[in-house]
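Report on one structure; see the data block that follows.
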Amino acid sequence: SIDVSLLQSTNYWKNAAQQGLPFTLNPLVLYRGYLANLANNGFCVSTQFLFNGLVSKGITGGIDRPLTAPEKITCGTAAGVLSGVVCGPIELVMIQQQRQGLGFIATSLSILKGGASSVFRGTTGMCFREGIYCGGYLGIMPVVREQVQRRYPESFGKTEDGARFCAALIAGPINGVLSHPPDTLKTCLQGDLHGVKFTGYGQSVGVLVRESGVLSLWRGYPWRLLRQMCALFIFDKVNSELSRILFPHAFKNSYTC
């Protein structure tokens with residue numbers, strides 16, 4: 001809720017830039033879809049932690065051992081892809097609220113009338129985006145943080161939060177650049193619910209590139225990068241602290257997260 005409340009405006013500016021909507025500072029517009037975004041963030045993060053744990057258990061076969069760096073990234077990526085199925089429809093509600101200015105219930109009912117094709121519009125893009133993003137904060141972030149702590153124990157890695165900050169500076173841009181094109185396509189498809197301009201992923205790429213060139217796939221990227229770097233720091237902090245509380249035996253004489 002802290003993440004969503006503080007960074008809701010950047011979410012709107014990102015979505016508006018991707019869809020070619022005008023920039024605004026009006027808080028009544030910026031906070032459209034706030035409840036949907038709050039629900040989306042909560043469900044998305046909670047399901048990602050759940051799926052990350054299930055996939056981790058599947059990889060280790062239930063054996064109590066630290067995951068390797070590739071295994072952490074694999075678990076995080078898989079968790080993100082799976083969470084996209086749950087969270088895609090919720091984000092659709094938020095984007096439609098931002099465009100139409102209707103309430104949460106009215107928007108949800110309107111989308112439901114269109115059936116499954118409307119409810120899950122843009123969900124594939126959501127799965128790709130969350131797979132890359134979750135692979136970042138549950139995989140790349142802890143791996144980089146651990147390396148900073150090991151290699152620079154007297155400077156950048158002197159404290160865990162210092163190492164976490166460095167890791168966010170590295171993982172944030174990587175995640176943002178890789179995950180932004182599927183996010184742009186998802187946003188355009190979800191904003192155009194009835195397919196007036198954007199009908200599918202390949203067709204949407206063609207429309208955007210013809211209009212504004214290849215860089216149009218990264219519209220709104222600065223806003224998302226700012227939000228991601230803050231969120232990556234917060235999520236890695238929560239993941240690290242909760243893991244120590246829930247599984248203290250796994251952290252004896254270890255840097256694993």
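Identifiers in the structure tokens: chain A, B, ... in order shown; residue index from 1 per chain; ligand index from 1 in order shown.
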- [ ] Compile the contact shell of Leu25 (chain A) as a list of chain:residue names: residues with an atom at most 12 Å away, counting only C-alpha atoms, same-chain residues fewer than 6 positions apart removed.
- [x]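 In the requested format, the answer is A:Gln8, A:Ser9, A:Thr10, A:Tyr12, A:Trp13, A:Tyr31.
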TODO: Quick one: everything within 12 Å of Arg219 (chain A), counting only C-alpha atoms, minus sequence neighbours fewer than 4 positions away in the same chain. Send it as a PyMOL selection string.
DONE: chain A and resi 13-21+176-177+180-185+187-188+208-209+212-215+223-225
Residues from the last selection, C-alpha atoms, saved as a PDB file, in the first residue's frame:
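Now in result-v2.pdb:
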```pdb
ATOM      1  CA  TRP A  13       2.000   9.116 -16.275  1.00  0.00           C
ATOM      2  CA  LYS A  14       3.569   5.918 -17.606  1.00  0.00           C
ATOM      3  CA  ASN A  15       0.261   4.558 -18.864  1.00  0.00           C
ATOM      4  CA  ALA A  16      -0.717   7.909 -20.365  1.00  0.00           C
ATOM      5  CA  ALA A  17       2.578   8.234 -22.233  1.00  0.00           C
ATOM      6  CA  GLN A  18       2.239   4.729 -23.641  1.00  0.00           C
ATOM      7  CA  GLN A  19      -1.248   5.487 -24.953  1.00  0.00           C
ATOM      8  CA  GLY A  20      -0.527   9.015 -26.151  1.00  0.00           C
ATOM      9  CA  LEU A  21      -2.788  10.617 -23.535  1.00  0.00           C
ATOM     10  CA  GLY A 176      12.903  -1.829 -17.002  1.00  0.00           C
ATOM     11  CA  VAL A 177      14.526  -2.001 -20.442  1.00  0.00           C
ATOM     12  CA  HIS A 180       8.904  -2.330 -20.919  1.00  0.00           C
ATOM     13  CA  PRO A 181       7.995  -3.364 -24.504  1.00  0.00           C
ATOM     14  CA  PRO A 182       5.548  -6.085 -23.352  1.00  0.00           C
ATOM     15  CA  ASP A 183       4.198  -3.593 -20.803  1.00  0.00           C
ATOM     16  CA  THR A 184       3.628  -0.990 -23.530  1.00  0.00           C
ATOM     17  CA  LEU A 185       1.785  -3.503 -25.706  1.00  0.00           C
ATOM     18  CA  THR A 187      -1.220  -1.112 -21.818  1.00  0.00           C
ATOM     19  CA  CYS A 188      -2.237  -0.215 -25.376  1.00  0.00           C
ATOM     20  CA  LEU A 208       3.448   1.952 -32.756  1.00  0.00           C
ATOM     21  CA  VAL A 209       6.576   1.594 -34.888  1.00  0.00           C
ATOM     22  CA  SER A 212       6.752   6.880 -33.765  1.00  0.00           C
ATOM     23  CA  GLY A 213       9.547   4.417 -34.521  1.00  0.00           C
ATOM     24  CA  VAL A 214      10.985   1.563 -32.481  1.00  0.00           C
ATOM     25  CA  LEU A 215      11.513   3.754 -29.405  1.00  0.00           C
ATOM     26  CA  TRP A 223       8.301   6.950 -15.045  1.00  0.00           C
ATOM     27  CA  ARG A 224       8.372   3.172 -14.789  1.00  0.00           C
ATOM     28  CA  LEU A 225      12.108   3.103 -14.087  1.00  0.00           C
TER      29      LEU A 225
END
```
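Residue nearest Thr68 (chain A), chosen from A:Ala116, A:Thr123, A:Thr107, A:Glu146 and counting only C-alpha atoms: A:Glu146.
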TODO: Return the single residue from A:Val86, A:Cys75, A:Met141, A:Leu102 that is closest to Val29 (chain A), with distances computed using only C-alpha atoms.
DONE: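 The closest residue to Val29 (chain A) is A:Leu102.
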Open item on the list: I'd like the contact shell of region 53-56 of chain A - 8 Å cut-off, only C-alpha atoms, skipping same-chain residues fewer than 6 positions apart - returned as a list in words.
Closed with: Leu67, Glu71, Lys72, Cys75, Ala78 and Ala79 of chain A
Writing out the chosen residues with C-alpha atoms as an mmCIF file, in the first residue's frame:
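Final output, saved to part.cif:
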```cif
data_model
loop_
_atom_site.group_PDB
_atom_site.id
_atom_site.type_symbol
_atom_site.label_atom_id
_atom_site.label_comp_id
_atom_site.auth_asym_id
_atom_site.auth_seq_id
_atom_site.Cartn_x
_atom_site.Cartn_y
_atom_site.Cartn_z
ATOM 1 C CA LEU A 67 19.251 -21.960 -4.206
ATOM 2 C CA GLU A 71 17.782 -21.167 -9.692
ATOM 3 C CA LYS A 72 16.756 -17.950 -7.897
ATOM 4 C CA CYS A 75 12.058 -19.265 -9.650
ATOM 5 C CA ALA A 78 8.319 -18.477 -13.240
ATOM 6 C CA ALA A 79 6.510 -16.877 -10.309
#
```
- [ ] Quick one: pick out all helix (DSSP H, G or I) residues within region 65-165 of chain A from a backbone DSSP run and write them as a PyMOL selection string.
- [x] chain A and resi 69-100+104-112+116-119+123-151+160-165
Task: Selected residue, from A:Gly101, A:Val207, A:Thr159, A:Pro173, that lies nearest to Arg227 (chain A) when counting only C-alpha atoms - done: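 For Arg227 (chain A), the nearest of the candidates is A:Pro173.
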Task: Polymer residues at most 9 Å from Cys166 (chain A), only C-alpha atoms, same-chain spacing of 6 or more positions, as a list in words - done: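 Residues near the query, excluding close chain neighbours: Val144, Arg145, Val148, Phe156 and Gly157 of chain A.
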Write a file of the selected residues as a PDB file, in the first residue's frame, keeping N, CA and C atoms.
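Generated output (part-v3.pdb):
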```
ATOM      1  N   VAL A 144      22.655  -9.987  -6.933  1.00  0.00           N
ATOM      2  CA  VAL A 144      23.553  -8.834  -7.011  1.00  0.00           C
ATOM      3  C   VAL A 144      23.873  -8.320  -5.608  1.00  0.00           C
ATOM      4  N   ARG A 145      22.852  -8.249  -4.745  1.00  0.00           N
ATOM      5  CA  ARG A 145      23.076  -7.767  -3.373  1.00  0.00           C
ATOM      6  C   ARG A 145      24.099  -8.630  -2.652  1.00  0.00           C
ATOM      7  N   VAL A 148      27.596  -7.892  -3.978  1.00  0.00           N
ATOM      8  CA  VAL A 148      28.100  -6.614  -3.460  1.00  0.00           C
ATOM      9  C   VAL A 148      28.587  -6.786  -2.031  1.00  0.00           C
ATOM     10  N   PHE A 156      30.489  -0.458  -0.362  1.00  0.00           N
ATOM     11  CA  PHE A 156      29.099  -0.563  -0.791  1.00  0.00           C
ATOM     12  C   PHE A 156      28.329  -1.643  -0.045  1.00  0.00           C
ATOM     13  N   GLY A 157      29.021  -2.717   0.314  1.00  0.00           N
ATOM     14  CA  GLY A 157      28.353  -3.830   0.967  1.00  0.00           C
ATOM     15  C   GLY A 157      28.499  -3.858   2.473  1.00  0.00           C
TER      16      GLY A 157
END
```
